[in-house]
Amino acid sequence: MGKRVAFVVFTLVGTLVLLGLGTWQWQRRAEKREFIAAIEAAAKRPPKSFARAQVWDRVTITGRFLPDKVAYIRTSRPAPKPGERDSRGRVPVSGFGVWVMQAFEPLDAAKDEHGKTYSVLVSRGFLPTLPNGAIPPFETPSGEVTLTGFLRPGEKEGVLPPYNDPAKGVFFFRDAVEIARKLQLAGTVDDSERHLKTYTHFIDREARPDESAPPFGIEARDFLKSIPNNHLEYAITWWSLAATNIAVAGFFLFARRRRKPGIARDENAVTDAN
């Protein structure tokens with residue numbers, strides 16, 4: 001009897017955990033849909049000035065790129081499906097490459113106490129690498145530039161590798177603070193919390209209408225399509241596992257209950273024979 005109670009309690013606890021995970025994913029689905037809707041709305045509105053922008057707003061900013069302040073974030077893009085085209089009718093670029101992260105100095109940028117001008121990190125776009133992994137040369141616009149993009153938070157490492165190695169200049173995630181430190185941008189030498197907050201976000205640059213060569217900026221429509229929202233599938237998976245848990249436990253208990261009378265009859269037969 002004790003084993004049966006323990007089995008039932010274990011099953012109920014496991015089922016409740018699975019139901020909770022499914023409910024959590026269902027809630028995450030609603031949050032993700034609101035998030036995508038907010039970006040869609042921002043993409044349709046005129047861009048805001050960088051000073052007035054909130055996270056995930058579409059922004060515009062004028063300044064100049066710093067040619068010697070560049071970091072490369074290793075990444076890859078999946079091969080396109082047969083017949084797949086981007087919003088411009090082109091076959092999507094795929095394979096191994098890097099996100100080109102470059103410091104951008106706004107026209108009205110402030111200076112820190114050491115006289116260094118504060119910069120904004122800009123993800124210029126995806127640059128395919130050569131077969132040997134080498135990064136091909138690319139042009140950096142000179143002089144004053146006006147660009148548009150989405151203001152987004154820096155990325156964080158996952159639980160599993162790969163991990164960033166800022167000391168070696170190797171990055172797999174666009175952690176804006178780590179990249180700013182590596183590039184020794186204004187305010188990062190002192191490493192104070194107040195200065196580092198300047199680099200918690202970066203601008204994901206939109207492609208220009210006349211752009212035809214890497215590094216490719218993002219297209220708003222393609223960017224929205226690339227945001228995963230698989231939480232419904234995850235919720236169904238967890239709830240299905242909860243239902244399976246109950247079904248297996250019920251079958252086990254039912255089969256055990258039916259088996260007991262048969263065992264008793266066999267024991268009576270043995271007693272009569274004796």
# chains A, B, ... in the order shown; residues from 1 in each chain; ligands from 1
call {"tool": "select_by_dssp", "arguments": {"residues": "segment 23-258 of chain A", "states": "strand (DSSP E or B)", "output": "compact mmCIF listing (two decimals) with C-alpha atoms, in the first residue's frame"}}
result
# COMPACT_ATOMS: atom_id res chain seq x y z
CA LYS A 48 12.43 58.09 -33.71
CA SER A 49 15.54 60.01 -32.79
CA ARG A 58 12.88 51.98 -34.91
CA VAL A 59 15.46 54.75 -34.70
CA THR A 60 17.50 57.06 -36.90
CA ILE A 61 20.89 58.49 -36.05
CA THR A 62 23.51 60.60 -37.79
CA GLY A 63 27.25 60.44 -37.19
CA ARG A 64 30.30 58.57 -38.40
CA PHE A 65 31.63 55.03 -38.16
CA LEU A 66 34.92 54.50 -36.34
CA PRO A 67 36.96 52.32 -38.74
CA ASP A 68 39.28 50.94 -36.05
CA LYS A 69 36.50 49.94 -33.62
CA VAL A 70 35.06 46.75 -35.11
CA ALA A 71 34.16 43.37 -33.60
CA TYR A 72 33.01 40.23 -35.37
CA ILE A 73 30.37 37.88 -33.98
CA ARG A 74 30.59 34.38 -35.41
CA THR A 75 27.26 33.02 -36.60
CA SER A 76 25.62 31.10 -39.41
CA ARG A 77 22.47 31.19 -41.48
CA GLY A 95 26.26 29.66 -44.57
CA PHE A 96 28.90 30.71 -42.08
CA GLY A 97 29.65 34.34 -41.46
CA VAL A 98 29.86 37.14 -38.93
CA TRP A 99 27.75 39.99 -37.65
CA VAL A 100 29.83 43.13 -38.12
CA MET A 101 29.58 45.23 -34.95
CA GLN A 102 31.09 48.68 -35.32
CA ALA A 103 31.24 51.73 -33.08
CA PHE A 104 29.31 54.73 -34.39
CA GLU A 105 29.94 58.25 -33.09
CA PRO A 106 26.80 60.43 -33.14
CA LYS A 111 32.38 62.95 -23.81
CA THR A 117 33.55 60.56 -27.13
CA VAL A 120 26.83 53.65 -30.12
CA LEU A 121 27.38 50.07 -31.23
CA VAL A 122 25.81 49.30 -34.59
CA SER A 123 25.29 45.83 -36.01
CA ARG A 124 25.96 46.66 -39.65
CA GLY A 125 24.77 43.32 -40.95
CA PHE A 126 25.72 39.76 -41.85
CA LEU A 127 28.99 39.23 -43.72
CA PRO A 128 29.65 35.75 -45.22
CA VAL A 145 26.27 58.92 -42.30
CA THR A 146 22.58 58.70 -41.41
CA LEU A 147 21.31 55.22 -40.67
CA THR A 148 18.07 53.62 -39.52
CA GLY A 149 17.57 50.48 -37.47
CA PHE A 150 16.00 48.86 -34.43
CA LEU A 151 17.26 49.64 -30.95
CA ARG A 152 17.62 46.28 -29.27
CA PRO A 153 19.12 44.93 -26.05
CA ASP A 165 35.94 35.02 -25.16
CA VAL A 170 36.08 35.88 -30.09
CA PHE A 171 32.33 36.49 -29.90
CA HIS A 201 21.82 48.27 -26.26
CA PHE A 202 22.86 48.38 -29.89
CA ILE A 203 21.29 49.38 -33.20
CA ASP A 204 20.45 46.62 -35.66
CA ARG A 205 20.88 48.52 -38.92
CA GLU A 206 18.28 48.34 -41.67
CA PHE A 216 23.84 43.17 -45.51
CA ILE A 218 18.36 43.62 -41.95
call {"tool": "atom_distance", "arguments": {"atom1": "atom CA of Gly154 of chain A", "atom2": "atom CA of Glu233 of chain A"}}
result
27.0 Å
call {"tool": "closest_residue", "arguments": {"among": "A:Leu183, A:Ala255, A:Ala242, A:Leu224", "to": "Arg33 of chain A", "atoms": "only C-alpha atoms"}}
result
A:Leu224
call {"tool": "atom_distance", "arguments": {"atom1": "atom CA of Ala42 of chain A", "atom2": "atom CA of Trp56 of chain A"}}
result
7.7 Å
call {"tool": "residues_around", "arguments": {"residues": "Arg90 of chain A", "least_positions_apart": "3", "cutoff": "12 Å", "atoms": "only C-alpha atoms", "output": "list in words"}}
result
Pro80, Gly83, Glu84, Arg85, Asp86, Ser87, Val93, Ser94, Ser212, Glu219 and Asp222 of chain A
call {"tool": "write_last_selection", "arguments": {"atoms": "C-alpha atoms", "output": "PDB file, in the first residue's frame"}}
result
ATOM      1  CA  PRO A  80      17.182  28.592 -47.807  1.00  0.00           C
ATOM      2  CA  GLY A  83      12.111  28.654 -53.908  1.00  0.00           C
ATOM      3  CA  GLU A  84      12.561  30.785 -50.777  1.00  0.00           C
ATOM      4  CA  ARG A  85      13.069  34.498 -51.390  1.00  0.00           C
ATOM      5  CA  ASP A  86      13.523  37.472 -49.100  1.00  0.00           C
ATOM      6  CA  SER A  87      11.387  40.616 -49.180  1.00  0.00           C
ATOM      7  CA  VAL A  93      22.314  34.605 -47.899  1.00  0.00           C
ATOM      8  CA  SER A  94      23.254  31.456 -45.989  1.00  0.00           C
ATOM      9  CA  SER A 212      23.448  45.208 -52.911  1.00  0.00           C
ATOM     10  CA  GLU A 219      15.060  44.006 -43.764  1.00  0.00           C
ATOM     11  CA  ASP A 222      12.498  39.494 -42.978  1.00  0.00           C
TER      12      ASP A 222
END
call {"tool": "select_by_dssp", "arguments": {"residues": "segment 8-188 of chain A", "states": "helix (DSSP H, G or I)", "output": "PyMOL selection string"}}
result
chain A and resi 8-44+50-52+166-168+176-183
call {"tool": "residues_around", "arguments": {"residues": "Thr244 of chain A", "least_positions_apart": "6", "cutoff": "10 Å", "atoms": "only C-alpha atoms", "output": "list in words"}}
result
Thr15, Trp238 and Gly250 of chain A
call {"tool": "closest_residue", "arguments": {"among": "A:Gly20, A:Gly2, A:Gly14, A:Pro131", "to": "Tyr234 of chain A", "atoms": "only C-alpha atoms"}}
result
A:Gly20
call {"tool": "residues_around", "arguments": {"residues": "Phe138 of chain A", "least_positions_apart": "2", "cutoff": "9 Å", "atoms": "only C-alpha atoms", "output": "list in words"}}
result
Leu127, Ile135, Pro136, Thr140, Pro214 and Pro215 of chain A
call {"tool": "write_last_selection", "arguments": {"atoms": "N, CA, C and O atoms", "output": "compact mmCIF listing (two decimals), in the first residue's frame"}}
result
# COMPACT_ATOMS: atom_id res chain seq x y z
N LEU A 127 27.94 39.30 -42.72
CA LEU A 127 28.99 39.23 -43.72
C LEU A 127 29.44 37.78 -43.87
O LEU A 127 29.99 37.20 -42.93
N ILE A 135 37.68 36.48 -42.64
CA ILE A 135 36.71 37.55 -42.85
C ILE A 135 37.16 38.39 -44.04
O ILE A 135 38.25 38.95 -44.02
N PRO A 136 36.36 38.47 -45.09
CA PRO A 136 36.77 39.23 -46.27
C PRO A 136 36.75 40.73 -46.00
O PRO A 136 36.07 41.20 -45.08
N THR A 140 33.93 50.64 -45.16
CA THR A 140 33.28 51.41 -44.10
C THR A 140 32.99 52.79 -44.65
O THR A 140 33.90 53.47 -45.14
N PRO A 214 27.50 42.92 -49.30
CA PRO A 214 27.67 42.77 -47.85
C PRO A 214 28.55 43.89 -47.30
O PRO A 214 29.34 44.48 -48.04
N PRO A 215 28.47 44.18 -45.99
CA PRO A 215 27.58 43.51 -45.06
C PRO A 215 26.11 43.92 -45.25
O PRO A 215 25.82 45.09 -45.42
call {"tool": "atom_distance", "arguments": {"atom1": "atom CA of Val8 of chain A", "atom2": "atom CA of Ala249 of chain A"}}
result
7.7 Å
